[in-house]
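Colleague: Structure supplied as protein-v6.csv; contents: CSV, C-alpha atoms and all ligand atoms.
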chain,number,residue,atom,x,y,z
A,687,MET,CA,-155.7,39.8,-90.3
A,688,THR,CA,-156.4,41.8,-93.4
A,689,THR,CA,-154.8,45.2,-93.9
A,690,LEU,CA,-156.8,48.0,-92.4
A,691,SER,CA,-156.8,51.7,-93.4
A,692,PRO,CA,-157.1,54.5,-90.9
A,693,SER,CA,-160.1,56.7,-91.5
A,694,ALA,CA,-158.6,59.5,-93.5
A,695,PRO,CA,-160.4,62.8,-93.7
A,696,PRO,CA,-161.1,64.3,-97.1
A,697,SER,CA,-159.0,67.4,-97.2
A,698,PRO,CA,-161.8,70.0,-97.9
A,699,ASP,CA,-163.6,68.8,-94.9
A,700,GLN,CA,-160.6,68.1,-92.7
A,701,LEU,CA,-161.5,70.4,-89.9
A,702,ARG,CA,-165.1,69.3,-89.8
A,703,PHE,CA,-163.9,65.7,-89.7
A,704,VAL,CA,-161.5,66.3,-86.9
A,705,LYS,CA,-164.0,68.2,-84.7
A,706,GLN,CA,-166.7,65.5,-85.3
A,707,ARG,CA,-164.1,62.8,-84.5
A,708,LEU,CA,-163.2,64.6,-81.2
A,709,VAL,CA,-166.9,64.8,-80.2
A,710,THR,CA,-167.3,61.1,-80.9
A,711,ALA,CA,-164.3,60.3,-78.7
A,712,ILE,CA,-165.6,62.4,-75.9
A,713,ARG,CA,-169.1,60.9,-76.1
A,714,LEU,CA,-167.4,57.4,-76.1
A,715,PHE,CA,-165.7,58.4,-72.8
A,716,GLY,CA,-169.1,59.4,-71.5
A,717,ALA,CA,-170.6,56.0,-72.6
A,718,GLN,CA,-167.7,54.3,-70.9
A,719,GLY,CA,-168.4,56.1,-67.6
A,720,PHE,CA,-165.1,58.0,-67.7
A,721,GLY,CA,-166.7,61.3,-66.7
A,722,HIS,CA,-166.6,62.6,-63.2
A,723,GLY,CA,-168.2,66.0,-62.5
A,724,LEU,CA,-166.3,68.7,-64.2
A,725,ALA,CA,-163.1,66.7,-64.6
A,726,GLY,CA,-161.6,65.4,-67.8
A,727,TYR,CA,-160.5,66.8,-71.2
A,728,PHE,CA,-159.8,65.5,-74.7
A,729,SER,CA,-157.9,67.8,-77.0
A,730,THR,CA,-156.6,67.6,-80.6
A,731,THR,CA,-154.4,69.7,-82.8
A,732,ASP,CA,-156.1,72.0,-85.2
A,733,PRO,CA,-155.3,70.6,-88.7
A,734,GLN,CA,-154.4,74.0,-90.2
A,735,ARG,CA,-153.1,76.0,-87.2
A,736,ARG,CA,-150.8,73.4,-85.7
A,737,ASP,CA,-150.0,75.4,-82.6
A,738,HIS,CA,-153.7,75.6,-81.7
A,739,TYR,CA,-155.8,72.8,-80.4
A,740,TRP,CA,-159.5,72.0,-79.9
A,741,VAL,CA,-160.9,70.9,-76.5
A,742,ASN,CA,-164.2,70.2,-74.8
A,743,PRO,CA,-165.5,73.0,-72.5
A,744,LEU,CA,-165.7,73.0,-68.8
A,745,GLY,CA,-169.1,71.9,-67.4
A,746,VAL,CA,-170.6,70.0,-70.4
A,747,ASP,CA,-171.0,66.3,-69.6
A,748,PHE,CA,-169.0,64.0,-71.9
A,749,THR,CA,-172.3,62.4,-73.2
A,750,GLN,CA,-173.7,65.8,-74.2
A,751,VAL,CA,-170.8,67.5,-76.0
A,752,ARG,CA,-171.6,68.8,-79.5
A,753,VAL,CA,-169.3,70.1,-82.3
A,754,ASP,CA,-170.5,73.6,-81.6
A,755,ASP,CA,-169.3,73.3,-77.9
A,756,LEU,CA,-165.7,72.7,-78.8
A,757,LEU,CA,-163.2,75.5,-78.0
A,758,LEU,CA,-160.1,76.5,-80.0
A,759,ILE,CA,-157.2,77.4,-77.8
A,760,ASP,CA,-154.2,79.5,-79.0
A,761,PRO,CA,-150.6,79.2,-77.9
A,762,GLU,CA,-151.2,81.7,-75.0
A,763,GLY,CA,-154.0,79.5,-73.6
A,764,ARG,CA,-156.8,81.9,-74.8
A,765,VAL,CA,-160.1,80.8,-76.3
A,766,VAL,CA,-160.1,82.1,-79.9
A,767,GLU,CA,-163.2,80.2,-81.1
A,768,GLY,CA,-166.2,78.9,-79.2
A,769,ARG,CA,-168.3,80.4,-76.4
A,770,GLY,CA,-167.7,78.1,-73.5
A,771,THR,CA,-165.4,78.3,-70.5
A,772,VAL,CA,-162.0,76.6,-70.5
A,773,ASN,CA,-160.5,75.3,-67.3
A,774,PRO,CA,-157.0,76.6,-66.4
A,775,SER,CA,-155.8,73.0,-66.2
A,776,VAL,CA,-156.4,72.6,-69.9
A,777,ASP,CA,-153.6,75.1,-70.9
A,778,ALA,CA,-151.3,74.1,-68.1
A,779,LEU,CA,-151.5,70.4,-69.0
A,780,HIS,CA,-152.8,69.9,-72.6
A,781,GLY,CA,-151.0,73.0,-73.9
A,782,GLU,CA,-147.7,71.8,-72.7
A,783,LEU,CA,-148.3,68.3,-74.0
A,784,HIS,CA,-149.2,69.5,-77.4
A,785,ARG,CA,-146.0,71.7,-77.5
A,786,ALA,CA,-143.8,68.9,-76.2
A,787,ARG,CA,-145.1,66.2,-78.5
A,788,PRO,CA,-146.1,67.6,-81.9
A,789,ASP,CA,-146.0,64.0,-83.3
A,790,LEU,CA,-149.0,63.2,-81.1
A,791,THR,CA,-152.2,65.0,-82.3
A,792,ALA,CA,-154.5,64.1,-79.4
A,793,PHE,CA,-154.4,63.9,-75.6
A,794,ALA,CA,-157.0,62.6,-73.2
A,795,HIS,CA,-157.2,62.9,-69.5
A,796,THR,CA,-160.0,61.6,-67.3
A,797,HIS,CA,-160.8,60.7,-63.7
A,798,SER,CA,-162.1,57.3,-64.7
A,799,ARG,CA,-162.9,55.0,-61.8
A,800,LEU,CA,-160.3,52.3,-62.4
A,801,GLY,CA,-157.7,54.9,-63.6
A,802,LYS,CA,-158.1,56.6,-60.2
A,803,ALA,CA,-158.0,53.3,-58.3
A,804,TRP,CA,-154.8,52.2,-60.1
A,805,SER,CA,-153.2,55.7,-59.8
A,806,THR,CA,-153.2,55.4,-56.0
A,807,LEU,CA,-150.6,52.6,-56.2
A,808,GLY,CA,-147.9,54.7,-57.9
A,809,ARG,CA,-146.7,52.0,-60.3
A,810,PRO,CA,-147.1,51.1,-64.0
A,811,LEU,CA,-149.5,48.5,-65.3
A,812,ASP,CA,-147.7,45.2,-65.8
A,813,PRO,CA,-147.7,43.0,-68.9
A,814,ILE,CA,-149.8,40.2,-67.4
A,815,THR,CA,-152.1,39.6,-70.3
A,816,GLN,CA,-151.8,39.8,-74.1
A,817,ASP,CA,-153.9,43.0,-74.2
A,818,ALA,CA,-151.9,44.7,-71.5
A,819,CYS,CA,-148.8,44.2,-73.6
A,820,LEU,CA,-150.1,47.2,-75.7
A,821,LEU,CA,-149.0,49.4,-72.8
A,822,PHE,CA,-145.6,47.8,-72.1
A,823,GLU,CA,-142.8,50.3,-72.1
A,824,ARG,CA,-145.2,52.9,-73.4
A,825,HIS,CA,-146.3,54.6,-70.1
A,826,GLU,CA,-144.8,56.0,-67.0
A,827,VAL,CA,-145.9,57.2,-63.6
A,828,TYR,CA,-145.9,60.9,-62.7
A,829,PRO,CA,-145.3,60.5,-59.0
A,830,ARG,CA,-146.3,63.8,-57.4
A,831,PHE,CA,-149.7,65.1,-56.6
A,832,GLY,CA,-150.0,68.7,-55.6
A,833,GLY,CA,-153.6,69.4,-56.4
A,834,PRO,CA,-155.1,70.2,-59.8
A,835,VAL,CA,-152.6,71.0,-62.5
A,836,THR,CA,-152.8,74.8,-62.9
A,837,ASP,CA,-149.4,76.0,-63.9
A,838,ARG,CA,-147.4,75.3,-67.0
A,839,GLN,CA,-144.3,74.2,-65.1
A,840,GLU,CA,-146.1,71.2,-63.8
A,841,GLY,CA,-147.5,70.6,-67.3
A,842,LYS,CA,-143.9,70.6,-68.5
A,843,GLU,CA,-142.9,68.0,-65.8
A,844,ILE,CA,-145.8,65.7,-66.8
A,845,ALA,CA,-144.8,66.1,-70.5
A,846,ALA,CA,-141.3,65.1,-69.4
A,847,ALA,CA,-142.7,62.0,-67.7
A,848,LEU,CA,-144.5,61.1,-70.9
A,849,GLY,CA,-141.2,61.3,-72.7
A,850,ASN,CA,-141.4,59.4,-76.0
A,851,GLY,CA,-144.2,57.2,-74.6
A,852,SER,CA,-148.0,57.3,-75.1
A,853,ALA,CA,-149.4,57.5,-71.6
A,854,VAL,CA,-148.9,58.7,-68.0
A,855,ILE,CA,-150.4,57.6,-64.7
A,856,LEU,CA,-150.9,60.7,-62.7
A,857,GLN,CA,-150.4,59.8,-59.0
A,858,SER,CA,-153.6,59.8,-57.0
A,859,HIS,CA,-155.4,61.5,-60.0
A,860,GLY,CA,-156.0,59.4,-63.1
A,861,PHE,CA,-154.8,58.4,-66.6
A,862,LEU,CA,-153.5,60.5,-69.4
A,863,THR,CA,-153.0,59.2,-72.9
A,864,GLY,CA,-151.7,60.6,-76.2
A,865,GLY,CA,-152.2,59.3,-79.7
A,866,ARG,CA,-151.1,59.9,-83.3
A,867,SER,CA,-154.8,60.3,-83.8
A,868,ILE,CA,-157.9,61.0,-81.8
A,869,ALA,CA,-158.9,57.3,-82.1
A,870,GLU,CA,-155.5,56.1,-80.8
A,871,ALA,CA,-155.6,58.4,-77.7
A,872,ALA,CA,-159.1,57.2,-77.0
A,873,TRP,CA,-158.4,53.5,-77.6
A,874,LEU,CA,-155.3,53.6,-75.3
A,875,HIS,CA,-157.4,55.2,-72.6
A,876,VAL,CA,-160.0,52.4,-72.9
A,877,ALA,CA,-157.1,49.8,-73.0
A,878,MET,CA,-155.6,51.3,-69.8
A,879,GLU,CA,-158.9,51.2,-68.0
A,880,ARG,CA,-159.4,47.6,-68.9
A,881,ALA,CA,-155.8,46.7,-68.0
A,882,ALA,CA,-156.3,48.3,-64.6
A,883,ASP,CA,-159.5,46.4,-64.2
A,884,VAL,CA,-157.9,43.0,-64.9
A,885,GLN,CA,-154.8,43.7,-62.9
A,886,LEU,CA,-156.7,44.8,-59.8
A,887,LEU,CA,-159.0,41.7,-60.2
A,888,ALA,CA,-156.0,39.4,-60.6
A,889,GLU,CA,-154.0,40.9,-57.7
A,890,ALA,CA,-157.1,40.6,-55.4
A,891,VAL,CA,-156.8,36.8,-55.5
A,892,GLY,CA,-153.1,36.1,-56.3
A,893,THR,CA,-149.9,37.1,-57.9
A,894,PRO,CA,-150.3,37.4,-61.7
A,895,HIS,CA,-147.6,35.9,-63.9
A,896,ARG,CA,-145.6,38.6,-65.7
A,897,ILE,CA,-145.1,38.0,-69.4
A,898,PRO,CA,-141.3,38.1,-70.2
A,899,ALA,CA,-140.1,41.5,-71.4
A,900,ASP,CA,-139.1,40.4,-74.9
A,901,VAL,CA,-142.4,38.7,-75.5
A,902,ALA,CA,-144.3,41.7,-74.1
A,903,ARG,CA,-142.3,44.1,-76.3
A,904,GLN,CA,-142.9,42.0,-79.4
A,905,THR,CA,-146.6,41.6,-78.7
A,906,GLY,CA,-147.0,45.3,-77.9
A,907,ALA,CA,-145.5,46.3,-81.2
A,908,MET,CA,-148.0,44.0,-83.0
A,909,LEU,CA,-151.0,45.4,-81.1
A,910,GLY,CA,-149.9,49.0,-81.3
A,911,LYS,CA,-150.5,49.7,-85.0
A,912,LEU,CA,-152.3,52.9,-85.7
A,913,GLU,CA,-154.7,51.2,-88.1
A,914,TYR,CA,-155.7,48.8,-85.4
A,915,ALA,CA,-156.5,51.6,-83.0
A,916,GLU,CA,-158.7,53.3,-85.6
A,917,ARG,CA,-160.6,50.1,-86.3
A,918,GLN,CA,-161.0,49.2,-82.6
A,919,PHE,CA,-162.2,52.8,-81.8
A,920,ASP,CA,-164.8,52.7,-84.7
A,921,ASN,CA,-166.0,49.2,-83.6
A,922,LEU,CA,-166.4,50.2,-80.0
A,923,CYS,CA,-168.3,53.4,-81.0
A,924,GLN,CA,-170.6,51.3,-83.2
A,925,HIS,CA,-171.1,48.7,-80.5
A,926,LEU,CA,-172.1,51.3,-78.0
A,927,GLY,CA,-174.2,53.4,-80.5
A,928,VAL,CA,-171.9,56.4,-80.1
A,929,ARG,CA,-171.6,59.0,-82.9
B,1001,ZN,ZN,-157.5,65.7,-63.7
Show this structure as structure tokens.

Modeller:
Amino acid sequence: MTTLSPSAPPSPDQLRFVKQRLVTAIRLFGAQGFGHGLAGYFSTTDPQRRDHYWVNPLGVDFTQVRVDDLLLIDPEGRVVEGRGTVNPSVDALHGELHRARPDLTAFAHTHSRLGKAWSTLGRPLDPITQDACLLFERHEVYPRFGGPVTDRQEGKEIAAALGNGSAVILQSHGFLTGGRSIAEAAWLHVAMERAADVQLLAEAVGTPHRIPADVARQTGAMLGKLEYAERQFDNLCQHLGVR
């Protein structure tokens, strides 16, 4: 494979690029059917004010989000730019994630269909295909469900479950992914949804063979390059006509 370059924003337009990229990712989730009612958020660190983050507002369908709809949230969880409503879950969950993992600039959480189905089982996705190796040793299960996440303490516990990884399966709830870029958080979410689809299908008819740990680890390292996430995200958006 030839060397790929992540899409780099020109510095004068960095904020505009980041906000447009976030909107594209949210619309991609809409096109993938990841939306469910009012549930689901995608946030990204503000490129200048690194302790602030942008997020989609409550009540706007993933497919309809525009740049002007995005909300800027400060470290106290207050909306400091934008006119929409922010759900308390955003600060309790995404605020704690951004504070715990400043190396990751984007976090996505949805109530996607297969994410919810898999989350009921309370176990990680297994390395049963080459593609699923992307997630090997990069995600954990947060095993408690006590209703919607509305307090920062639970957000801290979910951030602890994330650890140094890239994703969490929230028990009886859905998937959560983080990325070094918006594209990576989005691509990991898509990859988890597809991995859940394949594992549920395979386990419906038999016992899938598990790829040995050393091979899964090596394969995951190859698949997990940031530049690949950027290209795969762009290709999927192009394929689906999402901008
Ligand atoms: Zn949720």

Colleague: Given the point (-154.7, 58.7, -79.3) in the coordinates of this file, which residues lie within 9 Å, counting all atoms listed in the file, and how would they look as an mmCIF file with C-alpha atoms, keeping the file's coordinate frame?

Modeller:
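Saved as part.cif:
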data_model
loop_
_atom_site.group_PDB
_atom_site.id
_atom_site.type_symbol
_atom_site.label_atom_id
_atom_site.label_comp_id
_atom_site.auth_asym_id
_atom_site.auth_seq_id
_atom_site.Cartn_x
_atom_site.Cartn_y
_atom_site.Cartn_z
ATOM 1 C CA LEU A 790 -149.000 63.200 -81.100
ATOM 2 C CA THR A 791 -152.200 65.000 -82.300
ATOM 3 C CA ALA A 792 -154.500 64.100 -79.400
ATOM 4 C CA PHE A 793 -154.400 63.900 -75.600
ATOM 5 C CA ALA A 794 -157.000 62.600 -73.200
ATOM 6 C CA SER A 852 -148.000 57.300 -75.100
ATOM 7 C CA THR A 863 -153.000 59.200 -72.900
ATOM 8 C CA GLY A 864 -151.700 60.600 -76.200
ATOM 9 C CA GLY A 865 -152.200 59.300 -79.700
ATOM 10 C CA ARG A 866 -151.100 59.900 -83.300
ATOM 11 C CA SER A 867 -154.800 60.300 -83.800
ATOM 12 C CA ILE A 868 -157.900 61.000 -81.800
ATOM 13 C CA ALA A 869 -158.900 57.300 -82.100
ATOM 14 C CA GLU A 870 -155.500 56.100 -80.800
ATOM 15 C CA ALA A 871 -155.600 58.400 -77.700
ATOM 16 C CA ALA A 872 -159.100 57.200 -77.000
ATOM 17 C CA TRP A 873 -158.400 53.500 -77.600
ATOM 18 C CA LEU A 874 -155.300 53.600 -75.300
ATOM 19 C CA HIS A 875 -157.400 55.200 -72.600
ATOM 20 C CA LEU A 912 -152.300 52.900 -85.700
ATOM 21 C CA ALA A 915 -156.500 51.600 -83.000
#

Colleague: Step by step, measure atom-to-atom distances between ligand ZN 1001 (chain B) and each residue using all atoms listed in the file, keep those at most 12 Å, then write them as a ChimeraX atom specification.

Modeller: /A:720-728,773-776,778-780,794-798,801-802,805,831-836,841,854-862

Colleague: State, in Å with one decimal place, the distance from atom CA of Gly763 of chain A to atom CA of Ala853 of chain A.

Modeller: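 So the two atoms, atom CA of Gly763 of chain A and atom CA of Ala853 of chain A, lie 22.6 Å apart.
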
Colleague: With a distance cut-off of 7 Å and only C-alpha atoms, select the neighbouring residues of segment 740-751 of chain A, excluding the residue or stretch itself and same-chain residues fewer than 2 positions from it, and output the selection as a VMD selection string.

Modeller: chain A and resid 709 712 to 713 715 to 717 721 724 727 to 732 753 755 to 759 770 to 773

Colleague: Within 9 Å of (-160.2, 50.0, -66.0) in the file's own coordinates, which protein, DNA or RNA residues have an atom, counting only C-alpha atoms? List them as a JSON list (two decimals) with C-alpha atoms, in the coordinates of the input.

Modeller:
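And here's part_22.json as it stands now:
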[["chain", "number", "residue", "atom", "x", "y", "z"],
["A", 798, "SER", "CA", -162.10, 57.30, -64.70],
["A", 799, "ARG", "CA", -162.90, 55.00, -61.80],
["A", 800, "LEU", "CA", -160.30, 52.30, -62.40],
["A", 801, "GLY", "CA", -157.70, 54.90, -63.60],
["A", 803, "ALA", "CA", -158.00, 53.30, -58.30],
["A", 804, "TRP", "CA", -154.80, 52.20, -60.10],
["A", 875, "HIS", "CA", -157.40, 55.20, -72.60],
["A", 876, "VAL", "CA", -160.00, 52.40, -72.90],
["A", 877, "ALA", "CA", -157.10, 49.80, -73.00],
["A", 878, "MET", "CA", -155.60, 51.30, -69.80],
["A", 879, "GLU", "CA", -158.90, 51.20, -68.00],
["A", 880, "ARG", "CA", -159.40, 47.60, -68.90],
["A", 881, "ALA", "CA", -155.80, 46.70, -68.00],
["A", 882, "ALA", "CA", -156.30, 48.30, -64.60],
["A", 883, "ASP", "CA", -159.50, 46.40, -64.20],
["A", 884, "VAL", "CA", -157.90, 43.00, -64.90],
["A", 885, "GLN", "CA", -154.80, 43.70, -62.90],
["A", 886, "LEU", "CA", -156.70, 44.80, -59.80]]

Colleague: Near Asp760 of chain A, within 10 Å and counting all atoms listed in the file, which residues show up once chain neighbours fewer than 3 positions away are dropped, as a PyMOL selection string?

Modeller: chain A and resi 732+735-740+757+763-767+777+781

Colleague: Between atom CA of Asp920 of chain A and atom CA of Arg707 of chain A, what is the spacing in Å?

Modeller: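 Result for atom CA of Arg707 of chain A versus atom CA of Asp920 of chain A: 10.1 Å, one decimal.
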
Colleague: Name all residues at most 12 Å from His925 of chain A (count only C-alpha atoms; drop same-chain ones fewer than 6 positions away) and give them as a ChimeraX atom specification.

Modeller: /A:714,717-718,918-919

Colleague: Could you list, as an NGL selection string, every residue within 12 Å of Gln904 of chain A, counting all atoms listed in the file and ignoring same-chain residues fewer than 4 positions away?

Modeller: :A and (813 or 816 or 819-823 or 897-900 or 908-910)

Colleague: Between atom CA of Tyr914 of chain A and atom CA of Ala711 of chain A, measure the distance and give it in Å to one decimal.

Modeller: 15.8 Å

Colleague: Ranking A:Asp837, A:Thr710, A:Pro761, A:His895 by minimum distance to His784 of chain A and counting only C-alpha atoms, which one comes first?

Modeller: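 Nearest candidate to His784 of chain A out of A:Asp837, A:Thr710, A:Pro761, A:His895: A:Pro761.
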